[in-house]
$ cat start.txt   # compact mmCIF, C-alpha atoms and all ligand atoms
# COMPACT_ATOMS: atom_id res chain seq x y z
CA MET A 141 -38.78 15.02 181.25
CA ASN A 142 -42.36 13.89 181.80
CA VAL A 143 -43.04 10.50 183.36
CA LEU A 144 -46.70 10.73 182.41
CA GLU A 145 -48.62 12.66 179.76
CA VAL A 146 -52.39 12.34 179.70
CA GLU A 147 -54.10 13.80 176.65
CA SER A 148 -57.86 14.20 176.16
CA LEU A 149 -58.58 11.28 178.48
CA THR A 150 -62.29 10.45 178.42
CA LYS A 151 -64.23 7.84 180.34
CA HIS A 152 -67.97 7.47 179.86
CA PHE A 153 -70.11 4.81 181.50
CA PRO A 154 -73.25 3.79 179.60
CA ILE A 155 -76.60 3.93 181.44
CA ARG A 156 -78.71 0.96 180.38
CA ALA A 157 -82.42 0.33 180.95
CA GLY A 158 -85.26 -1.92 179.86
CA LEU A 159 -85.47 -5.59 179.08
CA LEU A 160 -82.88 -5.33 176.31
CA GLN A 161 -80.59 -3.18 178.42
CA ARG A 162 -80.40 -0.51 175.72
CA GLU A 163 -78.13 2.46 176.31
CA VAL A 164 -80.33 5.38 177.40
CA GLY A 165 -77.65 7.80 178.52
CA ARG A 166 -74.05 8.25 179.57
CA ILE A 167 -72.26 9.16 182.76
CA ARG A 168 -69.48 11.47 181.60
CA ALA A 169 -67.15 10.67 184.49
CA VAL A 170 -64.03 12.05 182.76
CA ASP A 171 -64.20 14.32 179.73
CA ARG A 172 -61.12 15.30 177.70
CA VAL A 173 -58.74 15.61 180.62
CA SER A 174 -55.10 16.52 179.85
CA PHE A 175 -52.14 16.94 182.21
CA HIS A 176 -48.57 15.76 182.76
CA VAL A 177 -46.38 14.67 185.66
CA ALA A 178 -42.66 15.55 185.35
CA ARG A 179 -39.95 13.31 186.82
CA GLY A 180 -39.56 14.00 190.55
CA GLU A 181 -42.77 16.04 190.63
CA THR A 182 -46.00 15.57 192.58
CA LEU A 183 -49.17 16.64 190.81
CA ALA A 184 -52.28 16.77 192.97
CA LEU A 185 -55.62 16.05 191.34
CA VAL A 186 -58.28 17.60 193.56
CA GLY A 187 -62.03 18.11 193.63
CA GLU A 188 -65.16 17.09 195.47
CA SER A 189 -66.34 13.52 195.65
CA GLY A 190 -67.75 12.49 192.25
CA CYS A 191 -65.61 14.93 190.22
CA GLY A 192 -63.89 12.07 188.34
CA LYS A 193 -60.43 12.21 189.91
CA THR A 194 -60.41 8.57 191.06
CA THR A 195 -61.69 7.48 187.63
CA VAL A 196 -58.71 9.29 186.07
CA ALA A 197 -56.33 7.44 188.44
CA ARG A 198 -57.98 4.09 187.64
CA CYS A 199 -57.73 4.73 183.90
CA ILE A 200 -54.02 5.58 184.21
CA LEU A 201 -53.39 2.30 186.03
CA ARG A 202 -55.69 0.66 183.48
CA ALA A 203 -57.98 -0.74 186.18
CA LEU A 204 -60.54 0.88 183.86
CA ALA A 205 -60.32 1.01 180.08
CA PRO A 206 -60.56 4.62 178.84
CA THR A 207 -63.26 5.49 176.31
CA SER A 208 -60.73 7.57 174.36
CA GLY A 209 -57.55 9.59 174.80
CA ALA A 210 -53.86 8.86 175.29
CA ILE A 211 -51.93 7.92 178.46
CA ARG A 212 -48.26 8.25 177.52
CA PHE A 213 -45.89 6.74 180.08
CA THR A 214 -42.09 7.03 179.93
CA GLN A 215 -40.59 3.66 180.77
CA GLU A 216 -37.37 3.08 182.74
CA GLY A 217 -35.32 2.88 179.51
CA GLY A 218 -36.80 6.16 178.24
CA GLU A 219 -39.19 4.58 175.74
CA ILE A 220 -42.62 6.24 175.69
CA VAL A 221 -45.66 3.99 175.41
CA ASP A 222 -49.36 4.83 175.14
CA LEU A 223 -51.08 2.67 177.78
CA ALA A 224 -54.62 3.42 176.59
CA PRO A 225 -54.88 0.82 173.80
CA LEU A 226 -52.67 -1.88 175.39
CA SER A 227 -53.99 -5.36 176.21
CA ARG A 228 -53.65 -6.77 179.74
CA ARG A 229 -50.79 -8.95 178.57
CA ALA A 230 -48.88 -6.04 177.00
CA LEU A 231 -49.47 -3.96 180.14
CA ARG A 232 -48.02 -6.53 182.54
CA PRO A 233 -44.29 -5.62 182.22
CA ILE A 234 -45.14 -1.90 182.42
CA ARG A 235 -47.39 -2.16 185.48
CA ARG A 236 -44.42 -2.87 187.76
CA GLN A 237 -43.16 0.65 186.98
CA MET A 238 -46.43 2.22 188.19
CA GLN A 239 -47.68 1.46 191.68
CA MET A 240 -50.61 2.58 193.78
CA ILE A 241 -51.01 3.67 197.38
CA PHE A 242 -54.60 2.94 198.35
CA GLN A 243 -57.06 4.97 200.40
CA ASP A 244 -58.05 2.33 202.92
CA PRO A 245 -55.09 0.78 204.76
CA TYR A 246 -57.48 -1.73 206.37
CA ALA A 247 -58.95 -3.13 203.15
CA SER A 248 -55.82 -2.99 200.99
CA LEU A 249 -53.69 -5.48 202.98
CA ASN A 250 -54.46 -9.19 202.94
CA PRO A 251 -55.21 -10.03 206.63
CA ARG A 252 -53.99 -13.63 206.19
CA MET A 253 -50.52 -12.70 204.96
CA LEU A 254 -47.51 -11.74 207.06
CA VAL A 255 -46.38 -8.16 206.53
CA GLY A 256 -43.04 -9.35 205.12
CA ASP A 257 -44.88 -11.42 202.50
CA ILE A 258 -47.23 -8.53 201.66
CA ILE A 259 -44.30 -6.22 200.97
CA ALA A 260 -42.37 -8.93 199.12
CA GLU A 261 -45.30 -10.00 196.91
CA PRO A 262 -44.55 -7.62 193.98
CA LEU A 263 -40.90 -8.78 194.12
CA LEU A 264 -41.98 -12.43 194.08
CA VAL A 265 -44.37 -11.87 191.16
CA ASN A 266 -41.52 -10.25 189.23
CA GLY A 267 -39.10 -13.13 189.84
CA VAL A 268 -36.77 -11.51 192.40
CA PRO A 269 -34.75 -14.25 194.23
CA ALA A 270 -35.67 -15.04 197.88
CA ALA A 271 -32.48 -13.69 199.48
CA THR A 272 -32.78 -10.37 197.60
CA ARG A 273 -36.47 -10.18 198.58
CA GLN A 274 -35.70 -10.54 202.27
CA ALA A 275 -33.00 -7.88 202.19
CA ARG A 276 -35.29 -5.53 200.24
CA VAL A 277 -38.16 -6.04 202.73
CA LEU A 278 -35.88 -5.00 205.61
CA GLU A 279 -34.70 -1.97 203.64
CA LEU A 280 -38.29 -0.95 202.86
CA LEU A 281 -39.46 -1.36 206.46
CA GLU A 282 -36.67 0.94 207.59
CA LEU A 283 -37.49 3.41 204.82
CA VAL A 284 -41.11 3.75 206.02
CA GLY A 285 -40.18 3.87 209.72
CA LEU A 286 -41.23 0.38 210.84
CA PRO A 287 -39.08 -2.05 212.86
CA ALA A 288 -37.66 -5.20 211.22
CA VAL A 289 -39.79 -7.37 213.53
CA ALA A 290 -42.92 -6.06 211.71
CA ARG A 291 -42.24 -8.48 208.85
CA SER A 292 -43.28 -11.50 210.89
CA ARG A 293 -46.59 -10.07 212.11
CA PHE A 294 -50.05 -9.91 210.57
CA PRO A 295 -51.70 -6.60 209.57
CA PHE A 296 -54.20 -6.70 212.48
CA ALA A 297 -51.31 -6.03 214.88
CA PHE A 298 -50.84 -2.55 213.41
CA SER A 299 -52.64 0.81 213.66
CA GLY A 300 -54.13 2.54 210.59
CA GLY A 301 -51.06 4.75 210.16
CA GLN A 302 -48.70 1.77 210.45
CA ARG A 303 -50.76 -0.15 207.90
CA GLN A 304 -50.50 2.76 205.50
CA ARG A 305 -46.71 2.64 206.00
CA ILE A 306 -46.85 -1.05 205.02
CA GLY A 307 -48.88 -0.12 201.91
CA ILE A 308 -46.30 2.53 201.00
CA ALA A 309 -43.43 0.05 201.48
CA ARG A 310 -45.19 -2.39 199.17
CA ALA A 311 -45.78 0.31 196.55
CA LEU A 312 -42.07 1.23 196.62
CA ALA A 313 -40.77 -2.37 196.49
CA LEU A 314 -40.02 -2.36 192.75
CA ASN A 315 -38.64 1.20 192.59
CA PRO A 316 -41.56 2.39 190.43
CA SER A 317 -41.22 5.40 188.10
CA LEU A 318 -44.68 6.65 189.09
CA ILE A 319 -46.76 6.38 192.26
CA VAL A 320 -50.49 6.97 192.08
CA ALA A 321 -51.74 7.78 195.59
CA ASP A 322 -55.54 7.68 195.85
CA GLU A 323 -56.64 9.66 198.93
CA PRO A 324 -53.81 8.02 200.92
CA VAL A 325 -54.54 9.77 204.22
CA SER A 326 -58.29 10.41 204.13
CA ALA A 327 -59.13 7.27 206.14
CA LEU A 328 -56.70 8.20 208.94
CA ASP A 329 -57.04 10.33 212.09
CA VAL A 330 -55.81 13.90 211.67
CA SER A 331 -52.73 13.39 213.90
CA VAL A 332 -51.79 10.25 211.95
CA GLN A 333 -52.40 12.04 208.64
CA ALA A 334 -49.59 14.47 209.51
CA GLN A 335 -47.18 11.59 210.15
CA ILE A 336 -47.96 9.94 206.81
CA ILE A 337 -47.69 13.28 204.98
CA ASN A 338 -44.29 13.82 206.60
CA LEU A 339 -43.24 10.33 205.52
CA LEU A 340 -44.32 11.04 201.92
CA LEU A 341 -42.42 14.36 201.97
CA ASP A 342 -39.32 12.57 203.25
CA LEU A 343 -39.64 9.88 200.56
CA GLN A 344 -40.12 12.53 197.85
CA ASP A 345 -36.82 14.09 198.94
CA ARG A 346 -34.89 10.86 199.26
CA LEU A 347 -36.20 8.98 196.22
CA ARG A 348 -37.25 11.86 193.92
CA LEU A 349 -40.64 10.20 193.54
CA SER A 350 -42.95 11.14 190.69
CA MET A 351 -46.45 11.07 192.09
CA LEU A 352 -50.04 11.67 191.10
CA PHE A 353 -51.74 12.51 194.40
CA VAL A 354 -55.53 12.22 194.27
CA ALA A 355 -57.32 14.03 197.10
CA HIS A 356 -60.37 16.03 198.08
CA ASP A 357 -58.64 17.72 201.03
CA LEU A 358 -56.92 20.90 199.92
CA GLY A 359 -55.27 21.27 203.33
CA VAL A 360 -53.36 18.03 202.70
CA VAL A 361 -52.53 18.77 199.07
CA ARG A 362 -50.84 22.05 199.89
CA HIS A 363 -48.05 20.24 201.73
CA VAL A 364 -47.28 17.44 199.30
CA SER A 365 -47.74 18.78 195.77
CA ASP A 366 -45.66 20.88 193.38
CA ARG A 367 -48.61 21.57 191.10
CA VAL A 368 -52.37 21.21 191.42
CA ALA A 369 -55.05 20.32 188.87
CA VAL A 370 -58.60 21.05 190.05
CA MET A 371 -61.41 18.90 188.62
CA TYR A 372 -65.12 19.63 188.43
CA VAL A 373 -67.63 17.15 186.94
CA GLY A 374 -65.12 15.25 184.84
CA ARG A 375 -63.06 18.19 183.58
CA ILE A 376 -60.01 20.11 184.75
CA VAL A 377 -61.01 23.69 185.52
CA GLU A 378 -57.72 25.06 186.84
CA THR A 379 -54.05 24.08 186.98
CA GLY A 380 -51.02 25.87 188.39
CA PRO A 381 -48.05 25.71 190.75
CA THR A 382 -49.27 24.91 194.27
CA THR A 383 -48.04 28.07 195.99
CA ALA A 384 -49.41 30.40 193.29
CA LEU A 385 -52.75 28.58 193.17
CA TYR A 386 -53.20 28.74 196.94
CA ASP A 387 -52.11 32.37 197.09
CA ARG A 388 -54.52 33.34 194.35
CA PRO A 389 -57.06 30.86 192.98
CA LEU A 390 -58.28 32.07 189.57
CA HIS A 391 -61.33 29.84 189.04
CA PRO A 392 -64.40 30.54 191.23
CA TYR A 393 -64.68 26.81 191.99
CA THR A 394 -61.08 26.66 193.26
CA ALA A 395 -61.70 29.78 195.36
CA ALA A 396 -64.85 28.25 196.86
CA LEU A 397 -63.09 24.94 197.56
CA MET A 398 -60.36 26.83 199.40
CA ALA A 399 -62.89 28.82 201.39
CA SER A 400 -64.34 25.48 202.52
CA VAL A 401 -61.02 24.38 204.11
CA PRO A 402 -61.18 24.84 207.93
CA LYS A 403 -58.89 27.70 209.02
CA PRO A 404 -56.62 27.50 212.06
CA ASP A 405 -57.87 30.98 213.01
CA PRO A 406 -61.69 30.78 213.44
CA ASP A 407 -61.98 34.59 213.28
CA ARG A 408 -60.40 34.73 209.81
CA ARG A 409 -63.00 35.17 207.08
CA ASP A 410 -62.58 34.53 203.35
CA ALA A 411 -63.97 36.96 200.81
CA THR A 412 -65.46 33.95 198.99
CA PRO A 413 -68.29 32.01 200.63
CA PRO A 414 -67.72 28.24 200.89
CA LEU A 415 -69.32 25.99 198.29
CA ALA A 416 -73.09 25.89 198.27
CA GLY A 417 -75.32 23.34 196.53
CA ASP A 418 -74.45 19.91 195.25
CA VAL A 419 -71.95 18.86 192.64
CA ALA A 420 -73.62 18.45 189.21
CA ASP A 421 -74.75 14.99 188.11
CA ALA A 422 -72.28 13.56 185.57
CA ALA A 423 -75.22 11.89 183.79
CA ASN A 424 -76.94 15.26 183.36
CA ILE A 425 -74.27 17.95 183.13
CA PRO A 426 -75.64 21.52 182.94
CA PRO A 427 -75.10 23.29 179.59
CA GLY A 428 -72.38 25.94 179.32
CA CYS A 429 -70.07 26.00 182.33
CA ALA A 430 -70.93 22.98 184.49
CA PHE A 431 -70.25 25.09 187.59
CA HIS A 432 -72.73 27.87 186.68
CA PRO A 433 -75.61 26.71 188.97
CA ARG A 434 -73.26 27.14 191.97
CA CYS A 435 -71.17 30.07 190.77
CA PRO A 436 -71.79 33.52 192.33
CA HIS A 437 -70.20 35.17 189.24
CA ALA A 438 -72.24 33.41 186.53
CA VAL A 439 -73.49 35.59 183.64
CA ALA A 440 -75.59 34.74 180.58
CA ARG A 441 -72.75 33.29 178.48
CA CYS A 442 -71.78 30.96 181.35
CA ARG A 443 -75.14 29.23 180.92
CA GLU A 444 -74.66 28.73 177.17
CA ILE A 445 -71.00 28.35 176.23
CA ARG A 446 -68.70 25.81 177.79
CA PRO A 447 -65.38 27.46 178.77
CA GLU A 448 -62.21 25.70 177.58
CA LEU A 449 -59.05 25.38 179.69
CA ARG A 450 -56.63 28.08 178.55
CA GLU A 451 -53.66 30.07 179.82
CA THR A 452 -55.13 32.96 181.80
CA ILE A 453 -51.85 34.31 183.16
CA PRO A 454 -48.38 32.80 182.48
CA GLY A 455 -48.16 29.33 183.99
CA ARG A 456 -51.83 29.28 185.03
CA MET A 457 -54.59 27.53 183.10
CA THR A 458 -58.26 28.23 183.85
CA ALA A 459 -61.58 27.17 182.30
CA CYS A 460 -63.66 30.24 183.13
CA HIS A 461 -65.10 32.93 180.82
CA ARG A 462 -64.53 35.59 183.44
CA ALA A 463 -61.14 34.55 184.87
CA GLU A 464 -59.30 37.72 183.70
CA GLU A 465 -62.11 40.07 184.78
CA LEU A 466 -62.41 38.49 188.22
CA THR A 467 -58.61 38.42 188.68
CA LEU A 468 -58.27 42.10 187.72
CA ALA A 469 -61.18 42.98 189.98
CA GLY A 470 -59.42 41.15 192.82
CA VAL A 471 -62.40 38.85 193.40
CA ASP A 472 -61.55 35.60 195.20
FE1 LIG B 1 -68.52 31.03 187.04
FE2 LIG B 1 -69.00 31.65 184.50
FE3 LIG B 1 -66.52 31.23 185.28
FE4 LIG B 1 -68.23 29.18 185.12
S1 LIG B 1 -67.48 30.45 183.42
S2 LIG B 1 -66.82 29.58 186.77
S3 LIG B 1 -70.12 30.16 185.78
S4 LIG B 1 -67.87 32.89 185.97
$ encode --input "start.txt" --output "structure tokens" --more "lines below"
Ligand code: SF4
Amino acid sequence: MNVLEVESLTKHFPIRAGLLQREVGRIRAVDRVSFHVARGETLALVGESGCGKTTVARCILRALAPTSGAIRFTQEGGEIVDLAPLSRRALRPIRRQMQMIFQDPYASLNPRMLVGDIIAEPLLVNGVPAATRQARVLELLELVGLPAVARSRFPFAFSGGQRQRIGIARALALNPSLIVADEPVSALDVSVQAQIINLLLDLQDRLRLSMLFVAHDLGVVRHVSDRVAVMYVGRIVETGPTTALYDRPLHPYTAALMASVPKPDPDRRDATPPLAGDVADAANIPPGCAFHPRCPHAVARCREIRPELRETIPGRMTACHRAEELTLAGVD
């Protein structure tokens, strides 16, 4: 069963200019994006900075209103609701079932609140009695590997990794059906990243979390996700099971992203060169395939016709005119 189904999600931002602030263009941050997250599954949404992945996450949590599309969420009782057209008031009882882990553990915790109060805040807002709140805070601190004494300290007393544990405890307080994690380890040191990834893996096992994991770091994504959706300039260009996608990326952009990941063995060389050039401007997307100015395999039709996402091989979706050819030719 799917916890989340996103269909043709689109988010455009108007560009205004002049005295009358007339609309003179549009930033197509997200353009007809579709995917699902099954119960107990982690889907990673990856791509370079500016590809639209964080905008997708913010639309799902309705921090941004989508321009069009559907965001179908399965509630605790099994009822499916489209979040896209809901008012703030109608969203309120549903929001407790969807929680976010933020990128910056320094900015996301109120420095004037005790850690126990930070973790208990969602419980308080949802009317959970004081005694139950206290017991739940202790349970959550243990779950994320922090001592009980942490509840009576302020965030400044903790390291970045410990603060992210506090953020995770807060996100889990109400037993949400879906966690949206927006670059949850990118602000941390590499050694601390591994600890937080291990914590997330442990929590996935213990709680069967359903998670949308937004990240630019493919090295991180490999460990935490069951499936991956790769975004480029507002659109999904490839999806597939994590192991299959890492073993054999089918879209040239995915292959180039992977070639850009630092390898443990410096002598190992990829057949594909790492990404060159800059990501396209979402206010001025190239015609045809948006990736064609950077793609070493571009041909004439790539510059004219926009490729749609389609099943290239069973279980693998790719938006590339030449996906079959390049796969058969063994080109990474
Ligand atoms: Fe490259 Fe063409 Fe495929 Fe786009 S459609 S990724 S330009 S080969």
$ residues_around --input "start.txt" --residues "Thr452 of chain A" --least-positions-apart "5" --cutoff "9 Å" --atoms "all atoms listed in the file" --output "list in words"
Leu390, Met457, Thr458, Ala459, Ala463 and Glu464 of chain A
$ closest_atom_pairs --input "start.txt" --of "chain A" --to "ligand LIG 1 (chain B)" --cutoff "7 Å" --atoms "all atoms listed in the file" --output "tab-separated table"
residue	atom	partner	partner_atom	distance
A:His391	CA	B:LIG1	S2	5.9
A:Pro392	CA	B:LIG1	S2	5.2
A:Tyr393	CA	B:LIG1	S2	6.3
A:Cys429	CA	B:LIG1	FE4	4.6
A:Ala430	CA	B:LIG1	FE4	6.8
A:Phe431	CA	B:LIG1	FE4	5.2
A:His432	CA	B:LIG1	S3	3.6
A:Cys435	CA	B:LIG1	FE1	4.7
A:Pro436	CA	B:LIG1	FE1	6.7
A:His437	CA	B:LIG1	S4	4.6
A:Ala438	CA	B:LIG1	S3	4.0
A:Val439	CA	B:LIG1	FE2	6.0
A:Cys442	CA	B:LIG1	FE2	4.3
A:Pro447	CA	B:LIG1	S1	5.9
A:Ala459	CA	B:LIG1	S1	6.8
A:Cys460	CA	B:LIG1	FE3	3.7
A:His461	CA	B:LIG1	S1	4.3
A:Arg462	CA	B:LIG1	S4	5.0
A:Ala463	CA	B:LIG1	FE3	6.3
$ residues_around --input "start.txt" --residues "Arg168 of chain A" --least-positions-apart "4" --cutoff "9 Å" --atoms "all atoms listed in the file" --output "list in words"
Thr150, Lys151, His152, Phe153, Pro154, Gly192, Val373, Gly374, Ala422, Ala423, Asn424 and Ile425 of chain A
$ closest_residue --input "start.txt" --among "A:Asp244, A:Glu261, A:Glu282, A:Glu219" --to "Leu328 of chain A" --atoms "only C-alpha atoms"
A:Asp244
$ residues_around --input "start.txt" --residues "segment 361-365 of chain A" --least-positions-apart "2" --cutoff "9 Å" --atoms "all atoms listed in the file" --output "PyMOL selection string"
chain A and resi 181-186+337-338+340-341+344+351-359+367-368+381-383+386
$ write_last_selection --input "start.txt" --atoms "C-alpha atoms" --output "short mmCIF file (atom, residue, chain, number, x, y, z; two decimals), in the coordinates of the input"
data_model
loop_
_atom_site.label_atom_id
_atom_site.label_comp_id
_atom_site.auth_asym_id
_atom_site.auth_seq_id
_atom_site.Cartn_x
_atom_site.Cartn_y
_atom_site.Cartn_z
CA GLU A 181 -42.77 16.04 190.63
CA THR A 182 -46.00 15.57 192.58
CA LEU A 183 -49.17 16.64 190.81
CA ALA A 184 -52.28 16.77 192.97
CA LEU A 185 -55.62 16.05 191.34
CA VAL A 186 -58.28 17.60 193.56
CA ILE A 337 -47.69 13.28 204.98
CA ASN A 338 -44.29 13.82 206.60
CA LEU A 340 -44.32 11.04 201.92
CA LEU A 341 -42.42 14.36 201.97
CA GLN A 344 -40.12 12.53 197.85
CA MET A 351 -46.45 11.07 192.09
CA LEU A 352 -50.04 11.67 191.10
CA PHE A 353 -51.74 12.51 194.40
CA VAL A 354 -55.53 12.22 194.27
CA ALA A 355 -57.32 14.03 197.10
CA HIS A 356 -60.37 16.03 198.08
CA ASP A 357 -58.64 17.72 201.03
CA LEU A 358 -56.92 20.90 199.92
CA GLY A 359 -55.27 21.27 203.33
CA ARG A 367 -48.61 21.57 191.10
CA VAL A 368 -52.37 21.21 191.42
CA PRO A 381 -48.05 25.71 190.75
CA THR A 382 -49.27 24.91 194.27
CA THR A 383 -48.04 28.07 195.99
CA TYR A 386 -53.20 28.74 196.94
#
$ atom_distance --input "start.txt" --atom1 "atom CA of Gly417 of chain A" --atom2 "atom CA of Ala327 of chain A"
24.8 Å
$ closest_residue --input "start.txt" --among "A:Pro206, A:Thr379, A:Leu280, A:Gly301" --to "Ser331 of chain A" --atoms "only C-alpha atoms"
A:Gly301
$ closest_residue --input "start.txt" --among "A:Ser174, A:Gln333, A:Gln161, A:Thr467" --to "Val360 of chain A" --atoms "only C-alpha atoms"
A:Gln333
$ atom_distance --input "start.txt" --atom1 "atom CA of Ala210 of chain A" --atom2 "atom CA of Leu149 of chain A"
6.2 Å
$ decode --input "start.txt" --residues "segment 339-353 of chain A" --atoms "N, CA and C atoms" --output "short mmCIF file (atom, residue, chain, number, x, y, z; two decimals), in the first residue's frame"
data_model
loop_
_atom_site.label_atom_id
_atom_site.label_comp_id
_atom_site.auth_asym_id
_atom_site.auth_seq_id
_atom_site.Cartn_x
_atom_site.Cartn_y
_atom_site.Cartn_z
N LEU A 339 21.72 5.56 12.45
CA LEU A 339 20.53 5.74 13.29
C LEU A 339 19.26 5.62 12.43
N LEU A 340 19.26 6.28 11.27
CA LEU A 340 18.08 6.23 10.39
C LEU A 340 17.83 4.79 9.92
N LEU A 341 18.91 4.06 9.60
CA LEU A 341 18.76 2.66 9.18
C LEU A 341 18.15 1.83 10.30
N ASP A 342 18.61 2.07 11.52
CA ASP A 342 18.09 1.34 12.68
C ASP A 342 16.60 1.67 12.89
N LEU A 343 16.26 2.95 12.76
CA LEU A 343 14.87 3.36 12.95
C LEU A 343 13.97 2.80 11.84
N GLN A 344 14.50 2.74 10.61
CA GLN A 344 13.73 2.14 9.51
C GLN A 344 13.37 0.70 9.87
N ASP A 345 14.35 -0.04 10.39
CA ASP A 345 14.14 -1.44 10.76
C ASP A 345 13.12 -1.57 11.89
N ARG A 346 13.32 -0.76 12.93
CA ARG A 346 12.50 -0.91 14.13
C ARG A 346 11.09 -0.39 13.95
N LEU A 347 10.93 0.71 13.23
CA LEU A 347 9.62 1.37 13.14
C LEU A 347 8.96 1.21 11.78
N ARG A 348 9.63 0.57 10.85
CA ARG A 348 9.12 0.44 9.45
C ARG A 348 8.70 1.81 8.92
N LEU A 349 9.62 2.76 9.02
CA LEU A 349 9.32 4.13 8.59
C LEU A 349 9.08 4.21 7.08
N SER A 350 8.17 5.05 6.69
CA SER A 350 8.03 5.41 5.27
C SER A 350 8.68 6.78 5.14
N MET A 351 9.61 6.89 4.20
CA MET A 351 10.40 8.13 4.19
C MET A 351 10.67 8.61 2.76
N LEU A 352 10.54 9.92 2.59
CA LEU A 352 11.01 10.58 1.37
C LEU A 352 12.31 11.26 1.77
N PHE A 353 13.42 10.82 1.20
CA PHE A 353 14.75 11.27 1.61
C PHE A 353 15.32 12.14 0.49
#
